[in-house]
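Engineer: Take this structure, written in structure tokens, and hold onto it; I'll ask about it next.
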Amino acid sequence: MVDVRRVRGGDGLQEINAEIDEILDAVVEKTRHATVEFFVAYDKNPDPKVLAAWLAPRAWREIDYVFLLNEQIRRYGLNFSRTHITLLAKQSFQEAEHYEAVGKAIESLGGIVPTIVPASAKPWSDFLWDCLERHPLAAIAAWNVSETSASGSFEPTFEAGERHGFDEVVRVYRQIETDEKFHVGLGRQILSRYAKTDQDREEILRAMRGMRDIAWTTFTPESVVIENA
Amino acid sequence: MNDMTLSDAKRGHSADAVFDARIAAASVEADGVLSLHLASLSGSALPRWTPGAHIDVILPNGLVRQYSLCGDPDLATWRIGVLREPASRGGSKCIHDEMAVGDRIQLAGPRNNFKLVDAERYLFIAGGIGITPILAMIRQVAAAGLPWTLLYGGRTRSSMAFLDEIAGFAGGDVHIAPQDECGLLDLQRFLGQQQQGMAVFCCGPGPLIDAVEDKCRTWMPGSLHRERFAPSNRPPLPKGAFEVELARSRQRLTVPAHRSLLAVLQEAGHSVTHSCTAGICGTCLVKVLAGVPQHNDDVLSDEEREAGGVMLVCVSRSDSELLVLDL
Ligand code: FES
Ligand SMILES: [Fe+2]
Ligand SMILES: [Fe+2]
């Protein structure tokens with residue numbers, strides 16, 4: 001019922017709201033599709049190690065968000081309200097919890113939790129950090145798309161979880177699903193509060209379009225790389 | 001369904017559940033006293049009750065008031081008598097000024113803490129609107145053919161409700177004593193000496209009950225049964241605080257000014273999904289059954305805020321003294 005994209009607190013995105021929603025819808029759909037494809041393949045050969053490997057770039061996303069959010073606060077935070085600094089820090093803490101929880105789930109499946117960026121997550125990570133360099137709002141715009149993309153993967157993951165009984169993964173992603181609503185809403189609120197100029201809006205759109213084309217790729221069956229310990 | 005009797009269950013209510021009913025009729029019973037006839041929405045019978053029972057009325061402004069049932073327990077509808085209290089903080093005032101026949105009204109109950117007991121004869125003492133539970137008792141005792149006495153005081157005769165109805169009950173020794181004509185009730189005459197086999201039932205304002213208790217001190221323990229009504233004498237909540245009632249457990253919680261509703265719910269052992277605790281994620285959404293939420297979130301739409309049917313408990317509070325939540 002509640003639509004976090006309609007969060008209050010600023011009007012800096014008014015002229016580009018429709019385009020932003022289109023980008024978000026597109027990435028959700030692509031991610032949903034990629035996740036469904038992954039589980040179609042997985043159904044044929046349900047190997048927990050494959051599931052663990054599929055989760056690995058997502059564990060990396062969680063810890064990379066921690067690094068990125070902290071750097072965002074350090075570099076640009078004092079241009080934001082104190083409440084927004086607190087909420088970004090809270091998001092960062094939750095992303096750390098997600099890294100821990102997804103990590104445990106990966107280990108329970110016999111996989112390895114990444115401690116360096118996995119090759120399949122490299123384009124995603126590079127793009128995000130490049131955005132942080134370019135503009136104070138660009139990384140937030142990019143991760144807002146990336147966060148939203150994950151929402152396309154939840155339902156197919158939960159359904160597959162029922163078929164295959166990977167309850168721990170489902171439990172972890174139920175919590176992440178709740179927190180992502182916060183992260184998506186917070187990102188949108190910050191963008192609309194602090195975007196003032198056309199150049200701000202252009203940078204936001206550039207970051208979002210770029211992430212739209214990357215975020216879903218680590219959900220496909222082809223992206224899975226099984227690393228040996 | 002553990003706490004419901006089978007007949008309650010058949011009628012579709014537990015005594016604790018809040019349910020919608022409608023005002024089927026209203027009439028003026030005396031100066032400042034209105035009686036309301038309450039009926040179910042479906043036309044089926046409301047839950048059964050016994051004399052002395054009261055119900056909760058949850059008003060549209062979120063206030064909850066208790067009223068004794070004063071009609072006939074054999075009827076499908078309920079009747080309550082509502083005195084307009086001069087110092088009303090919105091309870092009786094709301095009923096008198098804002099509610100009309102046909103309106104929906106939220107109710108819970110009935111519950112009975114003032115049950116009629118078996119006795120050979122009865123002395124009923126009522127002060128003012130305290131006549132309401134007594135009226136139902138008299139109806140039952142008169143129908144059973146037992147002897148009864150009523151001592152009924154009020155400010156003035158015109159302020160005393162249900163006089164005609166009382167006159168219609170059989171077997172009674174009725175003493176109507178308006179204060180402007182007769183002074184204070186002559187308790188000494190009726191209570192000066194313990195009377196064997198007599199049960200005393202008293203309902204009215206605090207000073208009357210205190211005086212009756214005093215007179216009955218020499219009576220056999222257990223002879224006196226009383227119900228004090230002083231609903232609006234409760235001290236107001238501190239500024240910024242409000243109360244919530246959890247409709248499923250009937251639990252009442254106070255939310256102090258400096259604490260969130262979410263924190264108070266959690267502390268009381270209720271787990272509510274949440275994430276941001278800042279009114280952004282919308283995951284702590286709770287349904288509001290009565291009362292006026294004060295929306296402090298950033299994410300509900302204007303329509304949702306206005307309708308008042310949901311709230312985000314991490315940041316939102318209450319504009320009414322009480323909120324009834326679907327928890
Ligand atoms: S916890 Fe996020 S809106 Fe209440
Ligand atoms: Fe996360
Ligand atoms: Fe997140």
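Residue numbers start at 1 in each chain; chains themselves are named A, B, ... in the order of the structure tokens; ligands are numbered from 1 in the order shown.
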Write out as a ChimeraX atom specification the residues lying within 12 Å of range 167-176 of chain A, counting only C-alpha atoms and excluding same-chain residues fewer than 5 positions away.
Structural biologist: /A:48,51-52,54-55,58-59,62,91,94-109,147-148,150-151,153-162,181-184 /B:273-275,283
Engineer: Since we have the selection now, will you write its residues out, keeping C-alpha atoms, as a PDB file, in the first residue's frame?
Structural biologist:
ATOM      1  CA  PRO A  48      23.504 -25.372  -3.123  1.00  0.00           C
ATOM      2  CA  LEU A  51      22.966 -20.812  -5.157  1.00  0.00           C
ATOM      3  CA  ALA A  52      25.812 -19.716  -2.886  1.00  0.00           C
ATOM      4  CA  TRP A  54      24.727 -16.592  -7.164  1.00  0.00           C
ATOM      5  CA  LEU A  55      24.476 -14.858  -3.791  1.00  0.00           C
ATOM      6  CA  ARG A  58      25.012  -9.696  -3.665  1.00  0.00           C
ATOM      7  CA  ALA A  59      26.989 -10.120  -0.481  1.00  0.00           C
ATOM      8  CA  GLU A  62      26.089  -5.178   0.826  1.00  0.00           C
ATOM      9  CA  GLN A  91      21.432   2.545   6.302  1.00  0.00           C
ATOM     10  CA  GLN A  94      21.897  -2.148   8.097  1.00  0.00           C
ATOM     11  CA  GLU A  95      23.972  -2.903   4.988  1.00  0.00           C
ATOM     12  CA  ALA A  96      26.668  -4.257   7.298  1.00  0.00           C
ATOM     13  CA  GLU A  97      24.034  -6.449   8.935  1.00  0.00           C
ATOM     14  CA  HIS A  98      23.004  -7.634   5.478  1.00  0.00           C
ATOM     15  CA  TYR A  99      26.605  -8.524   4.612  1.00  0.00           C
ATOM     16  CA  GLU A 100      26.779 -10.538   7.792  1.00  0.00           C
ATOM     17  CA  ALA A 101      23.413 -12.259   7.229  1.00  0.00           C
ATOM     18  CA  VAL A 102      23.918 -13.001   3.521  1.00  0.00           C
ATOM     19  CA  GLY A 103      27.411 -14.176   4.418  1.00  0.00           C
ATOM     20  CA  LYS A 104      26.019 -16.678   6.898  1.00  0.00           C
ATOM     21  CA  ALA A 105      23.477 -17.863   4.346  1.00  0.00           C
ATOM     22  CA  ILE A 106      26.247 -18.377   1.774  1.00  0.00           C
ATOM     23  CA  GLU A 107      28.298 -20.365   4.261  1.00  0.00           C
ATOM     24  CA  SER A 108      25.285 -22.475   5.199  1.00  0.00           C
ATOM     25  CA  LEU A 109      25.110 -23.439   1.516  1.00  0.00           C
ATOM     26  CA  GLU A 147      18.506  -1.034  -4.379  1.00  0.00           C
ATOM     27  CA  THR A 148      15.242  -0.904  -6.287  1.00  0.00           C
ATOM     28  CA  ALA A 150      16.739  -6.040  -5.785  1.00  0.00           C
ATOM     29  CA  SER A 151      13.002  -5.727  -5.155  1.00  0.00           C
ATOM     30  CA  SER A 153      14.320 -10.568  -7.168  1.00  0.00           C
ATOM     31  CA  PHE A 154      12.520 -11.094  -3.865  1.00  0.00           C
ATOM     32  CA  GLU A 155       9.351 -12.853  -5.015  1.00  0.00           C
ATOM     33  CA  PRO A 156      11.044 -15.365  -7.358  1.00  0.00           C
ATOM     34  CA  THR A 157      13.617 -16.040  -4.623  1.00  0.00           C
ATOM     35  CA  PHE A 158      10.923 -16.704  -2.020  1.00  0.00           C
ATOM     36  CA  GLU A 159       9.018 -18.975  -4.379  1.00  0.00           C
ATOM     37  CA  ALA A 160      12.132 -20.961  -5.194  1.00  0.00           C
ATOM     38  CA  GLY A 161      12.931 -21.053  -1.479  1.00  0.00           C
ATOM     39  CA  GLU A 162       9.653 -22.861  -0.888  1.00  0.00           C
ATOM     40  CA  LYS A 181      12.039  -0.027   1.461  1.00  0.00           C
ATOM     41  CA  PHE A 182      13.789   2.307   3.855  1.00  0.00           C
ATOM     42  CA  HIS A 183      16.889   2.618   1.679  1.00  0.00           C
ATOM     43  CA  VAL A 184      14.900   3.278  -1.474  1.00  0.00           C
TER      44      VAL A 184
ATOM     45  CA  THR B 273       7.813  -4.896  11.551  1.00  0.00           C
ATOM     46  CA  HIS B 274       9.954  -1.803  11.152  1.00  0.00           C
ATOM     47  CA  SER B 275      13.181  -0.570   9.625  1.00  0.00           C
ATOM     48  CA  THR B 283       6.850  -0.984   7.052  1.00  0.00           C
TER      49      THR B 283
END
Engineer: Name the residues of range 68-306 of chain B that come out as strand (DSSP E or B) in a backbone DSSP run; write them as a ChimeraX atom specification.
Structural biologist: /B:68-69,78-83,104-112,121-127,148-154,172-178,198-204,224-228,242-246,251-255,285-290,293-294
Engineer: Quick check, in Å to one decimal: how far apart do CA of Ala39 in chain B and CA of Gly91 in chain B lie?
Structural biologist: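 Computed distance, CA of Ala39 in chain B to CA of Gly91 in chain B, equals 20.1 Å.
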Engineer: At most 12 Å is the cut-off: for each residue in chain B with any atom that close to an atom of chain A, write down the nearest atom pair and the distance in Å rounded to one decimal, counting only C-alpha atoms, chain first then increasing number, as a tab-separated table.
Structural biologist:
residue	atom	partner	partner_atom	distance
B:Val272	CA	A:Thr178	CA	11.8
B:Thr273	CA	A:Thr178	CA	8.0
B:His274	CA	A:Thr178	CA	7.3
B:Ser275	CA	A:Asp179	CA	5.5
B:Cys276	CA	A:Phe182	CA	5.6
B:Thr277	CA	A:Phe182	CA	9.1
B:Ala278	CA	A:Leu87	CA	8.2
B:Gly279	CA	A:Phe182	CA	8.9
B:Ile280	CA	A:Gly185	CA	5.9
B:Cys281	CA	A:Phe182	CA	4.1
B:Gly282	CA	A:Val2	CA	5.8
B:Thr283	CA	A:Thr178	CA	6.7
B:Cys284	CA	A:Thr178	CA	9.7
B:Leu285	CA	A:Val2	CA	8.5
B:Val286	CA	A:Val2	CA	11.6
B:Asn296	CA	A:Arg8	CA	11.1
B:Asp297	CA	A:Arg8	CA	8.6
B:Asp298	CA	A:Arg8	CA	4.9
B:Val299	CA	A:Val7	CA	4.5
B:Leu300	CA	A:Val2	CA	6.4
B:Ser301	CA	A:Arg6	CA	7.9
B:Asp302	CA	A:Arg8	CA	10.5
B:Glu303	CA	A:Val2	CA	11.7
B:Glu304	CA	A:Val2	CA	9.3
B:Arg305	CA	A:Val2	CA	11.6
B:Val310	CA	A:Val2	CA	10.4
B:Met311	CA	A:Val2	CA	10.7
B:Leu312	CA	A:Val2	CA	10.2
Engineer: Would you put the residues from that selection into a file with N, CA and C atoms, as an mmCIF file, in the first residue's frame?
Structural biologist:
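Output file out10.cif is given in full below:
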data_model
loop_
_atom_site.group_PDB
_atom_site.id
_atom_site.type_symbol
_atom_site.label_atom_id
_atom_site.label_comp_id
_atom_site.auth_asym_id
_atom_site.auth_seq_id
_atom_site.Cartn_x
_atom_site.Cartn_y
_atom_site.Cartn_z
ATOM 1 N N VAL B 272 6.344 -5.427 15.952
ATOM 2 C CA VAL B 272 5.807 -4.728 14.789
ATOM 3 C C VAL B 272 6.976 -4.606 13.804
ATOM 4 N N THR B 273 6.763 -5.026 12.562
ATOM 5 C CA THR B 273 7.813 -4.896 11.551
ATOM 6 C C THR B 273 8.218 -3.434 11.442
ATOM 7 N N HIS B 274 9.503 -3.182 11.309
ATOM 8 C CA HIS B 274 9.954 -1.803 11.152
ATOM 9 C C HIS B 274 11.367 -1.806 10.595
ATOM 10 N N SER B 275 11.794 -0.661 10.079
ATOM 11 C CA SER B 275 13.181 -0.570 9.625
ATOM 12 C C SER B 275 13.773 0.797 9.929
ATOM 13 N N CYS B 276 13.183 1.862 9.343
ATOM 14 C CA CYS B 276 13.856 3.167 9.420
ATOM 15 C C CYS B 276 13.637 3.879 10.751
ATOM 16 N N THR B 277 12.506 3.613 11.400
ATOM 17 C CA THR B 277 12.032 4.351 12.574
ATOM 18 C C THR B 277 12.059 5.864 12.347
ATOM 19 N N ALA B 278 11.836 6.241 11.087
ATOM 20 C CA ALA B 278 11.870 7.668 10.745
ATOM 21 C C ALA B 278 10.694 8.068 9.847
ATOM 22 N N GLY B 279 9.727 7.174 9.670
ATOM 23 C CA GLY B 279 8.566 7.538 8.861
ATOM 24 C C GLY B 279 8.825 7.537 7.374
ATOM 25 N N ILE B 280 9.810 6.770 6.926
ATOM 26 C CA ILE B 280 10.161 6.766 5.502
ATOM 27 C C ILE B 280 9.808 5.448 4.818
ATOM 28 N N CYS B 281 10.020 4.325 5.507
ATOM 29 C CA CYS B 281 9.901 3.031 4.816
ATOM 30 C C CYS B 281 8.480 2.495 4.750
ATOM 31 N N GLY B 282 7.616 2.930 5.654
ATOM 32 C CA GLY B 282 6.222 2.484 5.627
ATOM 33 C C GLY B 282 5.997 1.074 6.140
ATOM 34 N N THR B 283 7.023 0.424 6.675
ATOM 35 C CA THR B 283 6.850 -0.984 7.052
ATOM 36 C C THR B 283 6.192 -1.170 8.422
ATOM 37 N N CYS B 284 6.111 -0.116 9.215
ATOM 38 C CA CYS B 284 5.518 -0.254 10.551
ATOM 39 C C CYS B 284 4.040 0.140 10.544
ATOM 40 N N LEU B 285 3.429 0.011 9.387
ATOM 41 C CA LEU B 285 2.033 0.416 9.222
ATOM 42 C C LEU B 285 1.095 -0.402 10.115
ATOM 43 N N VAL B 286 0.235 0.282 10.833
ATOM 44 C CA VAL B 286 -0.749 -0.384 11.692
ATOM 45 C C VAL B 286 -2.118 0.217 11.402
ATOM 46 N N ASN B 296 3.076 11.894 11.447
ATOM 47 C CA ASN B 296 4.364 12.595 11.399
ATOM 48 C C ASN B 296 5.323 11.951 10.403
ATOM 49 N N ASP B 297 4.790 11.073 9.554
ATOM 50 C CA ASP B 297 5.654 10.341 8.628
ATOM 51 C C ASP B 297 5.864 11.143 7.348
ATOM 52 N N ASP B 298 6.708 10.594 6.469
ATOM 53 C CA ASP B 298 6.985 11.246 5.185
ATOM 54 C C ASP B 298 6.442 10.457 4.008
ATOM 55 N N VAL B 299 5.634 9.439 4.251
ATOM 56 C CA VAL B 299 5.374 8.545 3.125
ATOM 57 C C VAL B 299 3.897 8.220 2.857
ATOM 58 N N LEU B 300 3.018 8.409 3.828
ATOM 59 C CA LEU B 300 1.605 8.164 3.532
ATOM 60 C C LEU B 300 1.091 9.237 2.583
ATOM 61 N N SER B 301 0.137 8.857 1.742
ATOM 62 C CA SER B 301 -0.437 9.842 0.816
ATOM 63 C C SER B 301 -1.408 10.756 1.575
ATOM 64 N N ASP B 302 -1.759 11.856 0.948
ATOM 65 C CA ASP B 302 -2.721 12.780 1.571
ATOM 66 C C ASP B 302 -4.027 12.057 1.896
ATOM 67 N N GLU B 303 -4.449 11.186 0.959
ATOM 68 C CA GLU B 303 -5.724 10.477 1.157
ATOM 69 C C GLU B 303 -5.619 9.554 2.380
ATOM 70 N N GLU B 304 -4.487 8.853 2.480
ATOM 71 C CA GLU B 304 -4.321 7.933 3.613
ATOM 72 C C GLU B 304 -4.285 8.700 4.934
ATOM 73 N N ARG B 305 -3.631 9.862 4.904
ATOM 74 C CA ARG B 305 -3.569 10.660 6.135
ATOM 75 C C ARG B 305 -4.956 11.112 6.545
ATOM 76 N N VAL B 310 -4.965 4.208 8.881
ATOM 77 C CA VAL B 310 -3.668 3.566 9.129
ATOM 78 C C VAL B 310 -2.705 4.611 9.671
ATOM 79 N N MET B 311 -1.638 4.132 10.310
ATOM 80 C CA MET B 311 -0.609 5.055 10.784
ATOM 81 C C MET B 311 0.728 4.328 10.858
ATOM 82 N N LEU B 312 1.794 5.105 10.840
ATOM 83 C CA LEU B 312 3.136 4.544 10.974
ATOM 84 C C LEU B 312 3.579 4.793 12.414
#
Engineer: Using only C-alpha atoms, which of the listed residues (B:Val57, B:Val117, B:Leu224, B:Ala143) sits closest to Gln194 in chain B?
Structural biologist: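 Counting only C-alpha atoms, the residue closest to Gln194 in chain B is B:Leu224.
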Engineer: Considering only C-alpha atoms, return as a PyMOL selection string whatever protein or nucleic-acid residues lie within 12 Å of range 53-56 of chain B, sequence-local ones (same chain, fewer than 3 positions apart) excluded.
Structural biologist: chain B and resi 15-20+38+46-50+59+62-73+78-81+91+105-116+132-137+227+229+231+245+250
Engineer: Find the residue from A:Glu133, A:Asn144, A:Pro221, A:Asp21 that sits nearest to Asn45 in chain A; use only C-alpha atoms when measuring.
Structural biologist: A:Pro221
Engineer: Go through range 37-167 of chain A and collect every residue that DSSP, computed from the backbone, puts in alpha helix (DSSP H); the answer should be as number ranges by chain.
Structural biologist: A: 37-44, 48-76, 82-108, 122-134, 138-164, 167
Engineer: I'd like the neighbourhood of Thr156 in chain B as a list in words, where a residue qualifies if any of its atoms comes within 6 Å (using only C-alpha atoms), though same-chain residues fewer than 3 positions away should be ignored.
Structural biologist: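 Near Thr156 in chain B, the qualifying residues are Ser159, Pro178 and Asp180 of chain B.
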Engineer: Nearest to Arg104 in chain B among B:Ala126, B:Ile58, B:Cys182, B:Ala268, with distances taken over only C-alpha atoms: which residue is it?
Structural biologist: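 The closest residue to Arg104 in chain B is B:Ile58.
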Engineer: Contacts of Glu222 in chain A at 10 Å or less, counting only C-alpha atoms, minus same-chain residues fewer than 3 places along, as a list in words?
Structural biologist: Ala34, Glu37, Phe38, Ala41, Trp54, Ser120, Thr217, Thr218, Phe219 and Val225 of chain A
Engineer: Just N, CA, C and O atoms for this one: save the residues we selected as a PDB file, in the first residue's frame.
Structural biologist:
ATOM      1  N   ALA A  34      15.642 -11.884 -14.754  1.00  0.00           N
ATOM      2  CA  ALA A  34      16.931 -12.570 -14.594  1.00  0.00           C
ATOM      3  C   ALA A  34      16.853 -13.582 -13.447  1.00  0.00           C
ATOM      4  O   ALA A  34      17.384 -14.704 -13.546  1.00  0.00           O
ATOM      5  N   GLU A  37      14.906 -16.629 -14.493  1.00  0.00           N
ATOM      6  CA  GLU A  37      15.771 -17.438 -15.370  1.00  0.00           C
ATOM      7  C   GLU A  37      16.758 -18.254 -14.539  1.00  0.00           C
ATOM      8  O   GLU A  37      16.990 -19.427 -14.808  1.00  0.00           O
ATOM      9  N   PHE A  38      17.349 -17.585 -13.553  1.00  0.00           N
ATOM     10  CA  PHE A  38      18.315 -18.291 -12.717  1.00  0.00           C
ATOM     11  C   PHE A  38      17.658 -19.505 -12.062  1.00  0.00           C
ATOM     12  O   PHE A  38      18.209 -20.606 -12.066  1.00  0.00           O
ATOM     13  N   ALA A  41      16.965 -22.463 -14.298  1.00  0.00           N
ATOM     14  CA  ALA A  41      18.175 -23.279 -14.469  1.00  0.00           C
ATOM     15  C   ALA A  41      18.474 -24.072 -13.195  1.00  0.00           C
ATOM     16  O   ALA A  41      18.834 -25.251 -13.251  1.00  0.00           O
ATOM     17  N   TRP A  54      25.647 -17.629  -6.659  1.00  0.00           N
ATOM     18  CA  TRP A  54      24.727 -16.592  -7.164  1.00  0.00           C
ATOM     19  C   TRP A  54      24.570 -15.467  -6.136  1.00  0.00           C
ATOM     20  O   TRP A  54      24.421 -14.297  -6.481  1.00  0.00           O
ATOM     21  N   SER A 120      32.164 -10.652 -11.281  1.00  0.00           N
ATOM     22  CA  SER A 120      30.834 -10.353 -11.840  1.00  0.00           C
ATOM     23  C   SER A 120      30.250  -9.063 -11.258  1.00  0.00           C
ATOM     24  O   SER A 120      29.355  -8.460 -11.855  1.00  0.00           O
ATOM     25  N   THR A 217      22.427  -7.481 -14.042  1.00  0.00           N
ATOM     26  CA  THR A 217      23.248  -8.495 -14.725  1.00  0.00           C
ATOM     27  C   THR A 217      23.775  -9.573 -13.775  1.00  0.00           C
ATOM     28  O   THR A 217      23.998 -10.705 -14.203  1.00  0.00           O
ATOM     29  N   THR A 218      23.947  -9.234 -12.497  1.00  0.00           N
ATOM     30  CA  THR A 218      24.479 -10.254 -11.579  1.00  0.00           C
ATOM     31  C   THR A 218      23.386 -11.196 -11.079  1.00  0.00           C
ATOM     32  O   THR A 218      23.639 -12.027 -10.205  1.00  0.00           O
ATOM     33  N   PHE A 219      22.176 -11.066 -11.621  1.00  0.00           N
ATOM     34  CA  PHE A 219      21.103 -11.980 -11.211  1.00  0.00           C
ATOM     35  C   PHE A 219      20.895 -13.103 -12.229  1.00  0.00           C
ATOM     36  O   PHE A 219      20.132 -14.022 -11.992  1.00  0.00           O
ATOM     37  N   VAL A 225      29.664 -17.663 -11.059  1.00  0.00           N
ATOM     38  CA  VAL A 225      31.004 -18.230 -11.164  1.00  0.00           C
ATOM     39  C   VAL A 225      31.287 -18.952  -9.849  1.00  0.00           C
ATOM     40  O   VAL A 225      31.234 -18.337  -8.784  1.00  0.00           O
TER      41      VAL A 225
END
Engineer: Would you list the contacts of Phe80 in chain A as an MDAnalysis selection string, taking every protein, DNA or RNA residue within 12 Å and counting only C-alpha atoms, but skipping same-chain residues closer than 3 positions in sequence?
Structural biologist: chainID A and resid 72:77 83:88 136:137 189:191 193:195
Engineer: Which one is closest to Glu71 in chain A: A:Val117, A:Ala139, A:Ser192, A:Phe166? Count only C-alpha atoms.
Structural biologist: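 Using only C-alpha atoms, Glu71 in chain A sits closest to A:Ala139.
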Engineer: Skipping near chain neighbours, those fewer than 5 positions away, what residues fall within 7 Å of range 25-27 of chain A using only C-alpha atoms, listed as a PyMOL selection string?
Structural biologist: chain A and resi 149+212+216
Engineer: Include all heavy atoms and write out the residues we just selected as a PDB file, in the first residue's frame.
Structural biologist:
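New file out.pdb:
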ATOM      1  N   SER A 149      16.366  -2.405  -7.829  1.00  0.00           N
ATOM      2  CA  SER A 149      16.445  -3.598  -8.678  1.00  0.00           C
ATOM      3  C   SER A 149      16.248  -4.857  -7.844  1.00  0.00           C
ATOM      4  O   SER A 149      15.576  -5.799  -8.263  1.00  0.00           O
ATOM      5  CB  SER A 149      17.794  -3.657  -9.406  1.00  0.00           C
ATOM      6  OG  SER A 149      18.823  -4.083  -8.522  1.00  0.00           O
ATOM      7  N   ARG A 212      20.780   1.318 -14.380  1.00  0.00           N
ATOM      8  CA  ARG A 212      19.701   0.485 -14.938  1.00  0.00           C
ATOM      9  C   ARG A 212      20.275  -0.605 -15.842  1.00  0.00           C
ATOM     10  O   ARG A 212      19.797  -1.734 -15.859  1.00  0.00           O
ATOM     11  CB  ARG A 212      18.736   1.369 -15.747  1.00  0.00           C
ATOM     12  CG  ARG A 212      17.683   0.590 -16.534  1.00  0.00           C
ATOM     13  CD  ARG A 212      17.014   1.469 -17.559  1.00  0.00           C
ATOM     14  NE  ARG A 212      18.017   2.037 -18.486  1.00  0.00           N
ATOM     15  CZ  ARG A 212      17.817   3.129 -19.219  1.00  0.00           C
ATOM     16  NH1 ARG A 212      16.689   3.798 -19.142  1.00  0.00           N
ATOM     17  NH2 ARG A 212      18.768   3.570 -20.027  1.00  0.00           N
ATOM     18  N   TRP A 216      20.983  -5.436 -12.988  1.00  0.00           N
ATOM     19  CA  TRP A 216      20.313  -6.735 -13.088  1.00  0.00           C
ATOM     20  C   TRP A 216      21.252  -7.858 -13.531  1.00  0.00           C
ATOM     21  O   TRP A 216      20.939  -9.027 -13.378  1.00  0.00           O
ATOM     22  CB  TRP A 216      19.145  -6.636 -14.093  1.00  0.00           C
ATOM     23  CG  TRP A 216      19.605  -6.214 -15.475  1.00  0.00           C
ATOM     24  CD1 TRP A 216      19.839  -4.945 -15.897  1.00  0.00           C
ATOM     25  CD2 TRP A 216      19.941  -7.073 -16.557  1.00  0.00           C
ATOM     26  NE1 TRP A 216      20.295  -4.937 -17.191  1.00  0.00           N
ATOM     27  CE2 TRP A 216      20.351  -6.249 -17.620  1.00  0.00           C
ATOM     28  CE3 TRP A 216      19.911  -8.466 -16.743  1.00  0.00           C
ATOM     29  CZ2 TRP A 216      20.754  -6.761 -18.851  1.00  0.00           C
ATOM     30  CZ3 TRP A 216      20.300  -8.972 -17.978  1.00  0.00           C
ATOM     31  CH2 TRP A 216      20.721  -8.124 -19.020  1.00  0.00           C
TER      32      TRP A 216
END
Engineer: Give the answer as one residue: which of A:Thr35, A:Ser125, A:Asn79, A:Gln199 has the shortest atom-to-atom distance to Ser223 in chain A, using only C-alpha atoms?
Structural biologist: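 Smallest separation from Ser223 in chain A among the options: A:Thr35.
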Engineer: Between CA of Ala144 in chain B and CA of Arg189 in chain B, what is the distance, to one decimal in Å?
Structural biologist: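 The value is 26.0 Å.
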Engineer: Please, what distance in Å, to one decimal, runs between CA of Leu123 in chain B and CA of Phe201 in chain B?
Structural biologist: 6.3 Å
